[in-house]
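Asks: First, the structure itself, so that you have it in front of you.
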Amino acid sequence: MGEKIIEEAKKVNLTELFYDLVFVFGISKITHVLESLDKGIFSWKEIIIYIVVFVCFINVWNVQTVYMNRYGKHNLLHIISMTVFQMPALVFMAANVSSDMEESWTAFTLALLWIAVIQFLQYIYAYTQNKNSEKDRKLIFDFLKLLFIRLIGIISSLFLSGIGRILLTGFGFILSILGASFFRKDMARVPINMPHLIERLTLLTIITLGEMLIAAADFFEIEKFSVYSVFILFQVVALFLFYITEFDHAIDEELPCQSGAGLTYNHYFVWFGLNLCTIDLDYANEAMGASRIIMMFLGLFLFYLGVFNNAHLNKKSHKLDKKTDDSFCACLSIRPWQFLHFPVRCSGDYSPLYPDDCFGNGTFCILRNTTFSEGNQEGNDLSVKGKIAFSLEKWYKYLKSKMGESRIIRW
């Protein structure tokens with residue numbers, strides 16, 4: 001048992017919500033970095049810029065969120081820090097995100113450096129405010145080490161040129177992110193406020209899903225509209241249902257002594273996965289060929305990986321049945337191969353989805369919710385889960401056998 005347990009949820013304040021609006025703009029711009037995909041070309045330079053910029057934006061958001069969770073207050077100092085000092089720099093960074101950032105990278109890096117300094121100073125302030133708590137001061141010092149590594153990476157990149165400086169910036173950020181794993185014991189001694197963290201993480205996930213919804217809406221234009229347009233929207237809905245099943249119903253927000261690191265790490269997979277699916281929808285055309293099918297399912301794999309990795313935090317009544325999840329993952333894993341051999345057209349473009357893909361994902365979400373609800377009944381937990389798992393496996397076997405006979409579902 002840890003030394004400190006947070007008894008009540010910390011409220012997400014309006015300044016944090018206003019701060020998030022910059023990331024709506026940022027994620028929108030990042031989604032369009034891989035513009036060469038429109039011609040069916042994978043540019044390594046664009047891929048590197050996409051990954052580094054995405055990591056930079058998300059890490060800035062995470063550092064601020066974790067700080068506000070443990071030490072931040074809704075006072076004038078923190079309001080000014082987030083809105084007056086950080087937001088203009090974030091808007092400048094987002095406005096200058098493009099597929100050809102080598103020329104403007106210095107300006108982008110200077111704005112990033114400004115934000116990194118502000119966040120570093122926030123932790124110094126917190127250090128001075130916790131003179132009587134040794135465990136808090138130790139944790140704050142740990143964070144200062146990580147933020148210093150990030151600062152060194154940013155400053156060092158200013159002395160390089162070309163793609164090398166972009167890589168060095170990304171390396172500094174990734175090193176600071178992974179370095180946090182060495183301080184998990186110190187984090188557990190000053191537990192994260194789980195309800196606040198979960199609410200903040202889900203809000204950014206909703207923002208990412210919102211960008212995916214905008215991409216799906218493009219298929220509802222008159223010249224592109226078909227039955228597949230509806231199924232594409234259903235896929236977005238299915239991903240949303242799957243996500244909230246875990247983070248709105250199953251996860252235990254009252255677990256004591258949580259560092260919050262694992263929850264945050266896993267959301268990197270969730271956000272990257274959803275953003276890859278969004279990019280796939282944005283550049284849906286025949287020129288991409290099989291590559292966009294791989295991108296879609298890589299995105300789905302990362303998304304499900306990020307969600308499933310948090311299952312150990314579930315309530316006892318909501319623990320996942322391994323057989324059920326294995327059946328779902330097995331069905332998901334064979335989907336790319338079906339698409340590679342049997343692409344489906346959607347108003348002249350390749351559709352990223354089969355109708356049963358949406359139905360299957362949505363059905364699985366409903367079954368998980370059913371399992372959780374029934375699992376709360378005393379004495380029925382294992383038996384109901386077993387029945388659900390068996391029914392799900394049987395349903396998928398039937399679906400795949402039908403697809404094997406017809407080879408492709410035509411509408």
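Letters A, B, ... go to the chains of the structure tokens in the order shown; residues in each chain start at 1; ligands are counted from 1 in the same order.
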Just want the 6 Å neighbourhood of range 246-259 of chain A, counted on only C-alpha atoms, with same-chain residues fewer than 6 positions away dropped. Output as number ranges by chain.
Replies: A: 2, 5, 184, 187-188, 191-192, 194-195, 313-315, 318
Asks: Would you give me, as a VMD selection string, the residues in range 29-223 of chain A that DSSP reads as helix (DSSP H, G or I)?
Replies: chain A and resid 29 to 31 35 to 39 44 to 70 76 to 95 105 to 129 134 to 157 163 to 189 194 to 220
Asks: Please determine, counting only C-alpha atoms, which residue among A:Ile152, A:Ser157, A:Phe234, A:Arg70 has the shortest atom-to-atom distance to Tyr127 in chain A.
Replies: A:Arg70
Asks: Go through A:Thr128, A:Ile58, A:Tyr50, A:Glu134 one by one, measure the shortest atom-to-atom distance of each to Val270 in chain A using only C-alpha atoms, and give the residue with the smallest value.
Replies: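 The closest residue to Val270 in chain A is A:Ile58.
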Asks: So which residues touch Asp20 in chain A within 9 Å, counting only C-alpha atoms, skipping near sequence neighbours fewer than 6 positions away, as a PyMOL selection string?
Replies: chain A and resi 61+203-204+207
Asks: Just want the 9 Å neighbourhood of Phe272 in chain A, counted on only C-alpha atoms, with same-chain residues fewer than 3 positions away dropped. Output as a PyMOL selection string.
Replies: chain A and resi 51+54+267-269+275-277+299+302-303
Asks: Using only C-alpha atoms for the distances, tell me which of A:Leu147, A:Ala216, A:Val63, A:Ile48 is nearest to Tyr228 in chain A.
Replies: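 Counting only C-alpha atoms, the residue closest to Tyr228 in chain A is A:Ala216.
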Asks: Report, in Å to a single decimal, how far apart CA of Ala215 in chain A and CA of Asn62 in chain A are.
Replies: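 So the two atoms, CA of Asn62 in chain A and CA of Ala215 in chain A, lie 25.2 Å apart.
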Asks: Can you tell me which residues surround Leu151 in chain A at a distance of at most 7 Å, considering only C-alpha atoms, apart from same-chain residues fewer than 3 positions away, and format the answer as a PyMOL selection string?
Replies: chain A and resi 113+116+147-148+154-155
Asks: Could those residues be written to a file, using C-alpha atoms, as an mmCIF file, in the first residue's frame?
Replies:
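Writing done, so here's out_32.cif:
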data_model
loop_
_atom_site.group_PDB
_atom_site.id
_atom_site.type_symbol
_atom_site.label_atom_id
_atom_site.label_comp_id
_atom_site.auth_asym_id
_atom_site.auth_seq_id
_atom_site.Cartn_x
_atom_site.Cartn_y
_atom_site.Cartn_z
ATOM 1 C CA LEU A 113 11.580 25.528 -26.706
ATOM 2 C CA ALA A 116 9.367 23.512 -22.723
ATOM 3 C CA LEU A 147 12.140 17.966 -18.798
ATOM 4 C CA PHE A 148 15.835 18.904 -18.807
ATOM 5 C CA ILE A 154 15.426 20.795 -28.468
ATOM 6 C CA ILE A 155 18.401 23.137 -28.003
#
Asks: Give me, as a PyMOL selection string, all polymer residues having an atom no more than 8 Å from His74 in chain A, counting only C-alpha atoms and skipping those fewer than 5 positions away in the same chain.
Replies: chain A and resi 13+15+79
Asks: Give me a file of those residues, with C-alpha atoms, as a JSON list (two decimals), in the first residue's frame.
Replies:
[["chain", "number", "residue", "atom", "x", "y", "z"],
["A", 13, "ASN", "CA", -11.32, 23.14, -15.01],
["A", 15, "THR", "CA", -8.89, 26.58, -18.56],
["A", 79, "ILE", "CA", -4.38, 30.34, -16.09]]
